[in-house]
Each structure stands twice: as structure tokens, then as C-alpha cells.
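Undergrad: Just dropping this structure here.
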Amino acid sequence: MKEKHKPYIILSAAMTIDGKIASKGGDPNLSDEEDWKEVHKLRSQVDGVMVGKNTILKDNPKLHIKFYKHRGYYRIVVDSHLSIPIDSNIITFQPLIYPTIICTTENASMDKIKNFESKGVKIVKSGKGERVDISRLMPILYELGIQNLLLEGGGTLNWSFIKHNLVDEIRLTIAPWMVGGKNATNLVEGTGFETMAEGPKFKLIEVLSRDNYVVLKYKKNEL
Ligand SMILES: NC(=O)c1ccc[n+]([C@@H]2O[C@H](COP(=O)([O-])OP(=O)(O)OC[C@H]3O[C@@H](n4cnc5c(N)ncnc54)[C@H](OP(=O)(O)O)[C@@H]3O)[C@@H](O)[C@H]2O)c1
């Protein structure tokens, strides 16, 4: 069988020393300006930036670029029930530069689909289950021209990519805080693997440090 292409996937996140990507109150402000510049540079090199629905509901990000010239890219949300507000920043902010794709399931309501499409949003359906089928979604996005995808969280969506061994590269900023809290979002949520052997293993390719921040880069370990 011919192998289906998938985008090259870079997981990018900032976390505390204790592995949280937001505090228990939902505060995600971990990056300093230097870190944002690096993230925006990465965004300028990809064809799509993806987040989970909760990140839209909690942070309402614009997912744009401030610091670099660029040709734009798709902003992509996974949202099984098309429940993000129609006036979210990823829909209303500069849609001609950063067109938006919402990935949903075959069960999504036709009325909601039409509503989003009337705002210029492209709807992509993947799978018939409760949640978007991430593995099936990858070749669909590739066919839409997304060869390089930046995965920007949150923890629940990160788990789906890790579970299906889809992450090719990781860029992780460790910010100089510890916040604790069992309800504070971890870098990777989900049910987790029973053993280390089941989880994908990564090869450390770069370590940078500055102003109490550490930036780690890993690549998928193919061995
Ligand atoms: N520090 C950082 O770098 C960083 C980056 C991003 C986010 N964050 C933080 O992360 C938090 C949000 O993370 P989160 O874990 O709550 O949610 P999330 O990963 O942003 O979104 C998860 C939601 O996406 C939807 N989804 C659809 N299909 C999915 C699939 N196959 N796999 C996983 N999710 C799927 C699900 O909702 P439906 O079932 O309704 O579709 C799911 O509940 C926020 O507090 C945000 O600030 C931090």
C-alpha cells in the first residue's frame, strides 16, 4: 500500500520547571519577549499552526506573527463539536493573511458548518468518533499544502500526537517557575503509557540557555 504523506510536525511549548504549560488558574504567560520572537520565527517557517479547542476558549490567541516578514499560514483548530465562538480572534483577526481551518468530525452539525463557512473558515472532517481522528487528519492537511505543521498545544492535543507517534521534532522552553497544581495543564495530558518502552523516544539535538530560560530541541529517535 502506498504510504500516505503527513506534514513534518514540530511540537512547540513553554513549560515551567515542573512541566506545567499554564497555572491552575489558566495563566499561560511563561514566555519572555526573546522566547516569543523564537516562536514567531518558527511560525514564519511553517504552513500551519495548530491548537486544541480549549486553548482557543481559554486564551483566545491570534496565532499571528509580530516580529518577522512572512507569507502567512493556516491557523488550525481541532474542535469536534464546532464549539469555539464565531468571534474568536483566530477567525476575525487578519483572515486573509492567516486563513483558518477548523478540524471536526463527520458528526458535526450542518448549521454550525455553514455558520463558520460564512465567515471564510474552511471545515475539514476527520473520523466519525467522539473526537477528531488525528491520524486520518494528517494526510488530509498534507493534501491541502501543509507540509510543515507547528503544534502549539495544549496538553490534551499534544497527547493525541504523542500517542500516535506523530511528532517529528520538539522545541521546548523551560521557564523559571514552579507552580504545581494537579489541575494545572501539563505539557502532555491524556491517559499516558504504562511503560517507558511504549512512549516515543527523542534525541536531544540542542540545548540553549539565557536569562534563566532553557531551550531544548529534540528530534524523533528513529532507532
Ligand atoms: N505554554 C504553552 O506553550 C501553551 C501552549 C498552548 C496551550 N497552553 C495552555 O493549555 C491549556 C489548554 O490545554 P488543554 O489540554 O486543556 O486543551 P487543548 O489541548 O488546547 O484542547 C483539547 C480539546 O481539543 C479537542 N479535540 C478534538 N479532537 C481532539 C483529539 N483527537 N485529541 C485531543 N483533543 C482533541 C477536544 O475538545 P472537543 O472534544 O470538544 O473537540 C479537547 O478537549 C490552556 O490553559 C492554555 O493556556 C499553553
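Chain identifiers are assigned as A, B, and so on, following the order in which chains appear in the C-alpha cells; residues are numbered from 1 within each chain, and ligands are numbered from 1 in order of appearance.
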What lies within 10 Å of Val39 of chain A using only C-alpha atoms, ignoring chain neighbours under 6 positions off, as a list in words?
TA: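 What passes the distance filter is Ser12, Ala13, Ala14, Ser31, Glu33, Ile65, Phe67, Leu150, Glu152, Arg171 and Thr173 of chain A.
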Undergrad: Give me, as JSON lines, each residue of segment 28-63 of chain A that comes within 10 Å of segment 207-219 of chain A, together with its shortest interatomic pair and the distance in Å at one decimal, counting only C-alpha atoms, with rows ordered by chain and rising residue number.
TA:
{"residue": "A:Leu30", "atom": "CA", "partner": "A:Tyr213", "partner_atom": "CA", "distance": 10.0}
{"residue": "A:Ser31", "atom": "CA", "partner": "A:Tyr213", "partner_atom": "CA", "distance": 9.0}
{"residue": "A:Asp32", "atom": "CA", "partner": "A:Tyr213", "partner_atom": "CA", "distance": 9.0}
{"residue": "A:Glu34", "atom": "CA", "partner": "A:Arg210", "partner_atom": "CA", "distance": 9.4}
{"residue": "A:Asp35", "atom": "CA", "partner": "A:Tyr213", "partner_atom": "CA", "distance": 8.9}
Undergrad: Apply DSSP to the backbone of this structure and, from segment 33-161 of chain A, keep only the residues in alpha helix (DSSP H); write these as a ChimeraX atom specification.
TA: /A:33-43,53-59,89-92,110-117,134-143,155-161
Undergrad: Using only C-alpha atoms, which of the listed residues (A:Trp36, A:Phe116, A:Tyr142, A:Trp177) sits closest to Tyr74 of chain A?
TA: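 Smallest separation from Tyr74 of chain A among the options: A:Tyr142.
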Undergrad: What is the distance between atom 30 (C, counted along the ligand's line) of ligand 1 and atom CA of Gly25 of chain A, in Å to one decimal?
TA: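 About the pair atom 30 (C, counted along the ligand's line) of ligand 1 and atom CA of Gly25 of chain A: they are 22.8 Å apart.
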Undergrad: Write out as a VMD selection string all residues of segment 55-218 of chain A that DSSP puts in strand (DSSP E) for this structure's backbone.
TA: chain A and resid 74 to 78 100 to 104 122 to 125 148 to 151 169 to 175 202 to 210 213 to 218
Undergrad: For Ile102 of chain A, work out the shell of residues within 9 Å, counting only C-alpha atoms and skipping chain neighbours fewer than 6 positions away, then give it as a CSV table (one decimal) with C-alpha atoms, in the first residue's frame.
TA:
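The resulting file, part_33.csv, is shown below:
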chain,number,residue,atom,x,y,z
A,75,ARG,CA,-4.4,28.6,11.7
A,76,ILE,CA,-5.8,25.2,12.5
A,77,VAL,CA,-8.1,24.2,15.5
A,78,VAL,CA,-9.3,20.8,16.4
A,79,ASP,CA,-12.9,21.2,17.6
A,80,SER,CA,-15.1,18.1,17.4
A,82,LEU,CA,-17.6,23.2,16.4
A,116,PHE,CA,-18.3,29.1,10.1
A,121,VAL,CA,-13.4,29.3,7.7
A,122,LYS,CA,-12.6,26.0,6.0
A,123,ILE,CA,-14.1,23.0,7.7
A,124,VAL,CA,-12.2,19.7,7.4
A,125,LYS,CA,-13.9,16.5,8.7
Undergrad: Set the cut-off to 6 Å, count only C-alpha atoms and all ligand atoms, and list whatever residues fall near ligand 1 as a PDB file with C-alpha atoms, in the first residue's frame.
TA:
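Output file result.pdb is given in full below:
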ATOM      1  CA  ALA A  13       5.669  24.784  24.012  1.00  0.00           C
ATOM      2  CA  ALA A  14       6.827  26.746  27.008  1.00  0.00           C
ATOM      3  CA  MET A  15       6.561  24.959  30.352  1.00  0.00           C
ATOM      4  CA  ILE A  21       2.064  24.850  30.419  1.00  0.00           C
ATOM      5  CA  ALA A  22      -0.372  27.039  32.390  1.00  0.00           C
ATOM      6  CA  GLY A  26      -5.135  29.140  33.467  1.00  0.00           C
ATOM      7  CA  PRO A  28      -0.199  30.708  30.266  1.00  0.00           C
ATOM      8  CA  VAL A  51      -4.003  24.274  18.656  1.00  0.00           C
ATOM      9  CA  GLY A  52      -6.749  22.441  20.532  1.00  0.00           C
ATOM     10  CA  LYS A  53     -10.175  23.878  21.171  1.00  0.00           C
ATOM     11  CA  ASN A  54      -9.539  24.574  24.860  1.00  0.00           C
ATOM     12  CA  THR A  55      -6.577  26.801  24.023  1.00  0.00           C
ATOM     13  CA  LYS A  58      -9.062  29.825  27.429  1.00  0.00           C
ATOM     14  CA  ASP A  59      -6.530  32.127  25.727  1.00  0.00           C
ATOM     15  CA  VAL A  78      -9.342  20.789  16.372  1.00  0.00           C
ATOM     16  CA  ASP A  79     -12.878  21.180  17.626  1.00  0.00           C
ATOM     17  CA  SER A  80     -15.082  18.056  17.431  1.00  0.00           C
ATOM     18  CA  HIS A  81     -18.359  19.883  18.103  1.00  0.00           C
ATOM     19  CA  ARG A 131     -13.124  13.359  18.709  1.00  0.00           C
ATOM     20  CA  VAL A 132     -11.234  14.363  15.605  1.00  0.00           C
ATOM     21  CA  ASP A 133      -9.216  11.420  14.218  1.00  0.00           C
ATOM     22  CA  ILE A 134      -5.730  12.951  14.269  1.00  0.00           C
ATOM     23  CA  GLU A 152       1.256  24.619  19.815  1.00  0.00           C
ATOM     24  CA  GLY A 153      -0.732  22.613  22.370  1.00  0.00           C
ATOM     25  CA  GLY A 154      -2.432  22.397  24.707  1.00  0.00           C
ATOM     26  CA  GLY A 155      -1.648  19.300  26.721  1.00  0.00           C
ATOM     27  CA  THR A 156      -4.667  17.259  25.613  1.00  0.00           C
ATOM     28  CA  LEU A 157      -3.932  17.733  21.910  1.00  0.00           C
ATOM     29  CA  SER A 160      -3.034  12.702  20.847  1.00  0.00           C
ATOM     30  CA  THR A 185      -2.273  21.713  32.464  1.00  0.00           C
TER      31      THR A 185
END
Undergrad: Rank A:Ile91, A:Ala175, A:Ile86, A:Leu141 by their smallest atom-to-atom distance to Cys103 of chain A, using only C-alpha atoms, and report the top residue only.
TA: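 Smallest separation from Cys103 of chain A among the options: A:Leu141.
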